[in-house]
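Peer 1: Sharing final.pdb here; it has PDB, C-alpha atoms, pLDDT in the B column.
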ATOM      1  CA  MET Q  51      67.589 -96.329  49.773  1.00 55.00           C
ATOM      2  CA  SER Q  52      68.984 -97.877  46.593  1.00 56.00           C
ATOM      3  CA  ASP Q  53      67.417 -95.051  44.556  1.00 60.00           C
ATOM      4  CA  LEU Q  54      69.982 -92.682  46.048  1.00 65.00           C
ATOM      5  CA  PHE Q  55      72.868 -94.313  44.226  1.00 64.00           C
ATOM      6  CA  SER Q  56      73.747 -93.634  40.611  1.00 65.00           C
ATOM      7  CA  ASP Q  57      73.877 -97.347  39.789  1.00 71.00           C
ATOM      8  CA  ALA Q  58      70.253 -97.920  40.831  1.00 71.00           C
ATOM      9  CA  SER Q  59      68.179 -99.774  38.271  1.00 74.00           C
ATOM     10  CA  PRO Q  60      65.747 -97.602  36.344  1.00 72.00           C
ATOM     11  CA  PRO Q  61      62.081 -98.439  36.810  1.00 74.00           C
ATOM     12  CA  PRO Q  62      60.643-100.764  34.169  1.00 71.00           C
ATOM     13  CA  PRO Q  63      58.968 -98.945  31.284  1.00 69.00           C
ATOM     14  CA  THR Q  64      55.216 -98.551  31.438  1.00 74.00           C
ATOM     15  CA  PRO Q  65      53.589-100.670  28.718  1.00 76.00           C
ATOM     16  CA  GLU Q  66      51.805 -98.774  25.967  1.00 88.00           C
ATOM     17  CA  ARG Q  67      48.021 -98.844  26.002  1.00 85.00           C
ATOM     18  CA  ILE Q  68      46.218-100.389  23.055  1.00 90.00           C
ATOM     19  CA  SER Q  69      42.768 -99.702  21.667  1.00 95.00           C
ATOM     20  CA  PRO Q  70      39.637-100.717  23.551  1.00 98.00           C
ATOM     21  CA  ILE Q  71      37.195-103.366  22.403  1.00 98.00           C
ATOM     22  CA  GLU Q  72      33.913-101.791  21.320  1.00 99.00           C
ATOM     23  CA  PHE Q  73      30.729-103.611  20.390  1.00 98.00           C
ATOM     24  CA  GLU Q  74      27.026-102.747  20.154  1.00 98.00           C
ATOM     25  CA  VAL Q  75      23.773-104.654  19.868  1.00 98.00           C
ATOM     26  CA  THR Q  76      20.218-103.385  19.588  1.00 98.00           C
ATOM     27  CA  VAL Q  77      17.327-104.959  21.466  1.00 98.00           C
ATOM     28  CA  PRO Q  78      13.592-104.279  20.975  1.00 98.00           C
ATOM     29  CA  VAL Q  79      12.866-103.147  24.545  1.00 98.00           C
ATOM     30  CA  PRO Q  80      13.263 -99.819  26.393  1.00 98.00           C
ATOM     31  CA  PRO Q  81      16.551 -99.114  28.244  1.00 98.00           C
ATOM     32  CA  GLU Q  82      15.171 -99.977  31.691  1.00 97.00           C
ATOM     33  CA  HIS Q  83      14.107-103.439  30.476  1.00 98.00           C
ATOM     34  CA  ALA Q  84      17.404-103.989  28.657  1.00 98.00           C
ATOM     35  CA  ALA Q  85      19.355-103.019  31.788  1.00 98.00           C
ATOM     36  CA  ALA Q  86      17.245-105.384  33.914  1.00 97.00           C
ATOM     37  CA  GLY Q  87      17.697-108.206  31.405  1.00 98.00           C
ATOM     38  CA  PHE Q  88      21.434-107.661  31.472  1.00 98.00           C
ATOM     39  CA  ALA Q  89      21.930-107.295  35.219  1.00 96.00           C
ATOM     40  CA  GLU Q  90      19.121-109.266  36.840  1.00 96.00           C
ATOM     41  CA  HIS Q  91      18.927-112.162  34.396  1.00 98.00           C
ATOM     42  CA  ILE Q  92      22.562-112.577  33.355  1.00 98.00           C
ATOM     43  CA  HIS Q  93      22.414-116.217  34.482  1.00 97.00           C
ATOM     44  CA  LEU Q  94      19.870-116.921  31.728  1.00 98.00           C
ATOM     45  CA  TRP Q  95      22.003-115.708  28.808  1.00 98.00           C
ATOM     46  CA  TRP Q  96      25.675-115.771  29.897  1.00 98.00           C
ATOM     47  CA  PRO Q  97      27.586-118.226  27.637  1.00 97.00           C
ATOM     48  CA  VAL Q  98      29.223-120.395  30.335  1.00 96.00           C
ATOM     49  CA  GLU Q  99      30.502-122.733  27.635  1.00 95.00           C
ATOM     50  CA  ASP Q 100      32.671-119.874  26.314  1.00 95.00           C
ATOM     51  CA  LEU Q 101      33.801-118.029  29.456  1.00 95.00           C
ATOM     52  CA  SER Q 102      33.633-119.691  32.839  1.00 95.00           C
ATOM     53  CA  VAL Q 103      35.885-121.133  35.513  1.00 95.00           C
ATOM     54  CA  TRP Q 104      33.806-124.294  35.926  1.00 95.00           C
ATOM     55  CA  GLY Q 105      31.793-124.540  32.689  1.00 94.00           C
ATOM     56  CA  ALA Q 106      28.352-126.115  32.386  1.00 93.00           C
ATOM     57  CA  GLY Q 107      26.338-125.915  35.563  1.00 94.00           C
ATOM     58  CA  SER Q 108      27.942-122.657  36.696  1.00 96.00           C
ATOM     59  CA  PHE Q 109      25.659-119.804  37.682  1.00 97.00           C
ATOM     60  CA  PHE Q 110      26.521-116.159  36.917  1.00 97.00           C
ATOM     61  CA  ASP Q 111      24.928-113.364  38.913  1.00 97.00           C
ATOM     62  CA  LEU Q 112      25.458-109.677  39.610  1.00 95.00           C
ATOM     63  CA  GLU Q 113      25.300-109.673  43.408  1.00 90.00           C
ATOM     64  CA  ASP Q 114      26.669-107.311  46.044  1.00 90.00           C
ATOM     65  CA  ASN Q 115      28.178-105.068  43.339  1.00 95.00           C
ATOM     66  CA  ALA Q 116      30.152-107.896  41.746  1.00 96.00           C
ATOM     67  CA  LEU Q 117      29.807-110.317  38.849  1.00 96.00           C
ATOM     68  CA  VAL Q 118      30.097-113.685  40.573  1.00 96.00           C
ATOM     69  CA  GLU Q 119      30.266-117.164  39.089  1.00 96.00           C
ATOM     70  CA  THR Q 120      29.133-119.964  41.402  1.00 97.00           C
ATOM     71  CA  SER Q 121      30.048-123.587  40.722  1.00 97.00           C
ATOM     72  CA  VAL Q 122      27.716-126.541  41.254  1.00 96.00           C
ATOM     73  CA  ASP Q 123      29.680-127.104  44.495  1.00 97.00           C
ATOM     74  CA  GLU Q 124      28.866-123.543  45.671  1.00 96.00           C
ATOM     75  CA  VAL Q 125      32.432-122.270  45.145  1.00 96.00           C
ATOM     76  CA  GLU Q 126      32.485-118.624  44.030  1.00 95.00           C
ATOM     77  CA  ALA Q 127      34.747-116.702  41.657  1.00 94.00           C
ATOM     78  CA  VAL Q 128      34.492-112.922  41.277  1.00 94.00           C
ATOM     79  CA  TRP Q 129      34.962-111.806  37.663  1.00 95.00           C
ATOM     80  CA  ALA Q 130      34.313-108.083  38.136  1.00 96.00           C
ATOM     81  CA  GLU Q 131      33.496-105.437  40.712  1.00 96.00           C
ATOM     82  CA  VAL Q 132      30.936-102.758  39.927  1.00 97.00           C
ATOM     83  CA  SER Q 133      32.625 -99.365  40.210  1.00 98.00           C
ATOM     84  CA  ARG Q 134      29.742 -97.129  39.098  1.00 97.00           C
ATOM     85  CA  THR Q 135      26.123 -97.401  38.038  1.00 96.00           C
ATOM     86  CA  GLU Q 136      23.561 -95.009  36.658  1.00 95.00           C
ATOM     87  CA  GLN Q 137      20.190 -96.699  36.949  1.00 90.00           C
ATOM     88  CA  SER Q 138      19.068 -98.230  33.646  1.00 92.00           C
ATOM     89  CA  THR Q 139      21.651 -96.277  31.629  1.00 97.00           C
ATOM     90  CA  ARG Q 140      25.221 -97.202  32.592  1.00 98.00           C
ATOM     91  CA  LEU Q 141      27.219 -99.923  34.334  1.00 98.00           C
ATOM     92  CA  GLU Q 142      30.970 -99.654  34.934  1.00 98.00           C
ATOM     93  CA  MET Q 143      33.049-102.540  36.240  1.00 98.00           C
ATOM     94  CA  VAL Q 144      36.653-103.358  37.019  1.00 97.00           C
ATOM     95  CA  TRP Q 145      37.062-106.612  35.094  1.00 97.00           C
ATOM     96  CA  ARG Q 146      39.604-109.348  35.823  1.00 91.00           C
ATOM     97  CA  HIS Q 147      40.194-112.099  33.302  1.00 84.00           C
ATOM     98  CA  HIS Q 148      41.435-114.366  36.074  1.00 79.00           C
ATOM     99  CA  PRO Q 149      38.867-114.305  38.890  1.00 74.00           C
ATOM    100  CA  ASP Q 150      41.636-114.927  41.430  1.00 67.00           C
ATOM    101  CA  GLY Q 151      43.104-111.504  40.694  1.00 67.00           C
ATOM    102  CA  GLY Q 152      44.523-110.969  37.241  1.00 71.00           C
ATOM    103  CA  THR Q 153      45.258-107.693  35.532  1.00 79.00           C
ATOM    104  CA  PRO Q 154      42.299-105.336  35.917  1.00 93.00           C
ATOM    105  CA  THR Q 155      40.638-103.783  32.879  1.00 96.00           C
ATOM    106  CA  ASP Q 156      37.695-101.403  32.602  1.00 98.00           C
ATOM    107  CA  LEU Q 157      34.304-102.448  31.271  1.00 98.00           C
ATOM    108  CA  THR Q 158      31.622 -99.856  30.508  1.00 99.00           C
ATOM    109  CA  ILE Q 159      28.144-100.795  29.358  1.00 99.00           C
ATOM    110  CA  GLU Q 160      25.619 -98.156  28.325  1.00 99.00           C
ATOM    111  CA  PHE Q 161      21.940 -98.646  27.588  1.00 99.00           C
ATOM    112  CA  LEU Q 162      21.050 -95.955  25.043  1.00 98.00           C
ATOM    113  CA  ARG Q 163      17.601 -95.286  23.629  1.00 97.00           C
ATOM    114  CA  GLY Q 164      17.652 -96.885  20.208  1.00 92.00           C
ATOM    115  CA  PRO Q 165      15.380 -97.147  17.192  1.00 88.00           C
ATOM    116  CA  GLY Q 166      11.664 -97.179  17.938  1.00 93.00           C
ATOM    117  CA  ASN Q 167      11.205 -98.114  21.566  1.00 93.00           C
ATOM    118  CA  GLY Q 168      14.402-100.169  21.532  1.00 98.00           C
ATOM    119  CA  THR Q 169      17.794 -99.905  23.185  1.00 98.00           C
ATOM    120  CA  THR Q 170      21.323 -99.933  21.887  1.00 98.00           C
ATOM    121  CA  LEU Q 171      23.666-101.641  24.335  1.00 98.00           C
ATOM    122  CA  SER Q 172      27.142-100.201  23.893  1.00 99.00           C
ATOM    123  CA  LEU Q 173      30.099-102.061  25.424  1.00 99.00           C
ATOM    124  CA  VAL Q 174      33.628-100.644  25.773  1.00 99.00           C
ATOM    125  CA  HIS Q 175      36.303-102.894  27.310  1.00 98.00           C
ATOM    126  CA  ASP Q 176      39.427-100.789  27.889  1.00 98.00           C
ATOM    127  CA  GLY Q 177      42.669-100.838  29.842  1.00 96.00           C
ATOM    128  CA  TRP Q 178      44.648-103.173  27.579  1.00 95.00           C
ATOM    129  CA  ASN Q 179      48.380-102.731  27.064  1.00 90.00           C
ATOM    130  CA  THR Q 180      51.200-104.139  24.958  1.00 86.00           C
ATOM    131  CA  GLU Q 181      52.329-106.762  27.473  1.00 88.00           C
ATOM    132  CA  ALA Q 182      51.929-110.277  26.057  1.00 85.00           C
ATOM    133  CA  ARG Q 183      49.380-111.405  28.675  1.00 86.00           C
ATOM    134  CA  SER Q 184      47.220-108.325  28.150  1.00 88.00           C
ATOM    135  CA  LYS Q 185      47.327-108.729  24.367  1.00 90.00           C
ATOM    136  CA  THR Q 186      46.346-112.407  24.646  1.00 91.00           C
ATOM    137  CA  GLU Q 187      43.449-111.611  26.980  1.00 93.00           C
ATOM    138  CA  ARG Q 188      42.313-108.757  24.709  1.00 95.00           C
ATOM    139  CA  GLU Q 189      42.192-111.143  21.759  1.00 95.00           C
ATOM    140  CA  LEU Q 190      40.030-113.553  23.765  1.00 94.00           C
ATOM    141  CA  TYR Q 191      37.540-110.799  24.652  1.00 97.00           C
ATOM    142  CA  GLN Q 192      37.578-109.396  21.107  1.00 98.00           C
ATOM    143  CA  ASN Q 193      35.984-112.723  20.152  1.00 98.00           C
ATOM    144  CA  PHE Q 194      33.952-113.271  23.333  1.00 98.00           C
ATOM    145  CA  TRP Q 195      31.983-110.023  23.664  1.00 98.00           C
ATOM    146  CA  PRO Q 196      30.249-110.207  20.250  1.00 98.00           C
ATOM    147  CA  LEU Q 197      29.249-113.798  21.036  1.00 98.00           C
ATOM    148  CA  ALA Q 198      28.007-112.959  24.548  1.00 98.00           C
ATOM    149  CA  LEU Q 199      26.105-109.849  23.513  1.00 99.00           C
ATOM    150  CA  THR Q 200      24.493-111.635  20.581  1.00 98.00           C
ATOM    151  CA  LYS Q 201      23.184-114.185  23.113  1.00 98.00           C
ATOM    152  CA  PHE Q 202      21.906-111.289  25.232  1.00 99.00           C
ATOM    153  CA  GLN Q 203      20.279-109.785  22.134  1.00 99.00           C
ATOM    154  CA  ARG Q 204      18.456-113.044  21.380  1.00 98.00           C
ATOM    155  CA  PHE Q 205      17.436-113.409  25.038  1.00 99.00           C
ATOM    156  CA  MET Q 206      15.857-109.936  24.855  1.00 98.00           C
ATOM    157  CA  GLY Q 207      13.903-110.827  21.695  1.00 98.00           C
ATOM    158  CA  GLY Q 208      16.211-109.231  19.158  1.00 96.00           C
ATOM    159  CA  THR Q 209      17.846-110.661  16.067  1.00 93.00           C
ATOM    160  CA  PRO Q 210      21.523-110.332  15.170  1.00 88.00           C
TER     161      PRO Q 210
END
Please lay out the structure from this file as structure tokens.

Peer 2:
Amino acid sequence: MSDLFSDASPPPPTPERISPIEFEVTVPVPPEHAAAGFAEHIHLWWPVEDLSVWGAGSFFDLEDNALVETSVDEVEAVWAEVSRTEQSTRLEMVWRHHPDGGTPTDLTIEFLRGPGNGTTLSLVHDGWNTEARSKTERELYQNFWPLALTKFQRFMGGTP
């Protein structure tokens, strides 16, 4: 009802969007193997020391269309929900920096045929805006994704 009166407060301005984070690595295996290494074996390469609720001893897994971290005490935190997949070629997720909710961002990972019989993994993390919290989180992931994907690259037999 308050919107009917001339002294109603205007809605807050929508924050401006800022550029996505983009990063690529190449691995020496075909796309279907790269996709399996990423999704089915994430617990073997995910850098828990750099991004985790509970740190060492945590277990990351893509299960039931979500990226879930499980503590040594079997407590779970959901980092992302899978919104779309194309088998062995594309994975889209709604990502939350704070597993208890947080501001959602969009993560797209593509597995593209690369040099030789290899694969180029292309990551785009989008949905950032000019609000202070979003900018701070973006800065964290700007540093995290190259580190994480380099670990994935090594896990898959590639070299940075």

Peer 1: Counting only C-alpha atoms, figure out which residue out of Q:Glu74, Q:Glu66, Q:Glu113, Q:Asp57 gets nearest to Q:Gln203.

Peer 2: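 Comparing Q:Glu74, Q:Glu66, Q:Glu113, Q:Asp57 against Q:Gln203, the winner is Q:Glu74.
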
Peer 1: Name the residues in contact with Q:Pro78 at a cut-off of 12 Å, using all atoms listed in the file, excluding same-chain residues fewer than 4 positions from it; report them as a list in words.

Peer 2: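 What passes the distance filter is Glu82, His83, Ala84, Gly87, Leu162, Arg163, Gly164, Pro165, Gly166, Asn167, Gly168, Thr169, Thr170, Leu171, Phe202, Gln203, Arg204, Phe205, Met206, Gly207, Gly208, Thr209 and Pro210 of chain Q.
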
Peer 1: Neighbouring residues of Q:Ser184 were defined as those with any atom within 10 Å, considering only C-alpha atoms; residues of the same chain fewer than 4 positions away were excluded. Please report them as a list in words.

Peer 2: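 Returned residues: Pro65, Arg67, Ile68, His147, Gly152, Thr153, Pro154, Thr155, Gly177, Trp178, Asn179, Thr180, Arg188, Glu189 and Leu190 of chain Q.
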
Peer 1: Just want the 7 Å neighbourhood of stretch 130-143 of chain Q, counted on all atoms listed in the file, with same-chain residues fewer than 5 positions away dropped. Output as a PyMOL selection string.

Peer 2: chain Q and resi 81-82+85+115-117+156-162

Peer 1: So that all listed atoms of stretch 98-102 of chain Q fit with 4 Å spare on each side, what axis-aligned box centre and edge lengths in Å, to one decimal, would you give as AutoDock Vina command-line options?

Peer 2:
--center_x 31.5 --center_y -120.4 --center_z 29.6 --size_x 12.6 --size_y 12.7 --size_z 14.5

Peer 1: Could you jot down the atom CA of Q:Trp104 to atom CA of Q:Val125 separation for me, Å, one decimal place?

Peer 2: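 A separation of 9.5 Å between them.
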
Peer 1: Given the choices Q:Gly105, Q:Pro196, Q:Pro61, Q:Pro70, which gets closest to Q:His175 if the distance is worked out from all atoms listed in the file?

Peer 2: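 Of Q:Gly105, Q:Pro196, Q:Pro61, Q:Pro70, the one nearest Q:His175, counting all atoms listed in the file, is Q:Pro70.
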
Peer 1: Quote the spacing between atom CA of Q:Thr76 and atom CA of Q:His148 in Å to one decimal place.

Peer 2: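 Spanning atom CA of Q:Thr76 to atom CA of Q:His148 is a straight-line distance of 29.0 Å.
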
Peer 1: Which residues fall under the PyMOL selection byres ((chain Q and resi 107) around 7) in this file, as a PyMOL selection string?

Peer 2: chain Q and resi 105-106+108-109+121-122

Peer 1: Can those selected residues be exported to a file as a short mmCIF file (atom, residue, chain, number, x, y, z; two decimals), in the frame of the given file so that it contains C-alpha atoms?

Peer 2:
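Once everything was written out, this is result.cif:
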data_model
loop_
_atom_site.label_atom_id
_atom_site.label_comp_id
_atom_site.auth_asym_id
_atom_site.auth_seq_id
_atom_site.Cartn_x
_atom_site.Cartn_y
_atom_site.Cartn_z
CA GLY Q 105 31.79 -124.54 32.69
CA ALA Q 106 28.35 -126.12 32.39
CA SER Q 108 27.94 -122.66 36.70
CA PHE Q 109 25.66 -119.80 37.68
CA SER Q 121 30.05 -123.59 40.72
CA VAL Q 122 27.72 -126.54 41.25
#

Peer 1: Could you give me, as a PyMOL selection string, the residues within 9 Å of Q:Asp100, counting only C-alpha atoms and dropping anything in the same chain fewer than 3 positions from it?

Peer 2: chain Q and resi 96-97+105+194+197-198

Peer 1: Report, in Å with one decimal, the straight-line distance from atom CA of Q:Val144 to atom CA of Q:Asp176.

Peer 2: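 Those two atoms sit 9.9 Å apart.
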
Peer 1: Out of Q:Glu126, Q:Thr64, Q:Lys185, Q:Leu199, which residue has the shortest atom-to-atom distance to Q:Leu173 when counting only C-alpha atoms?

Peer 2: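 Residue with the minimum atom-to-atom distance to Q:Leu173: Q:Leu199.
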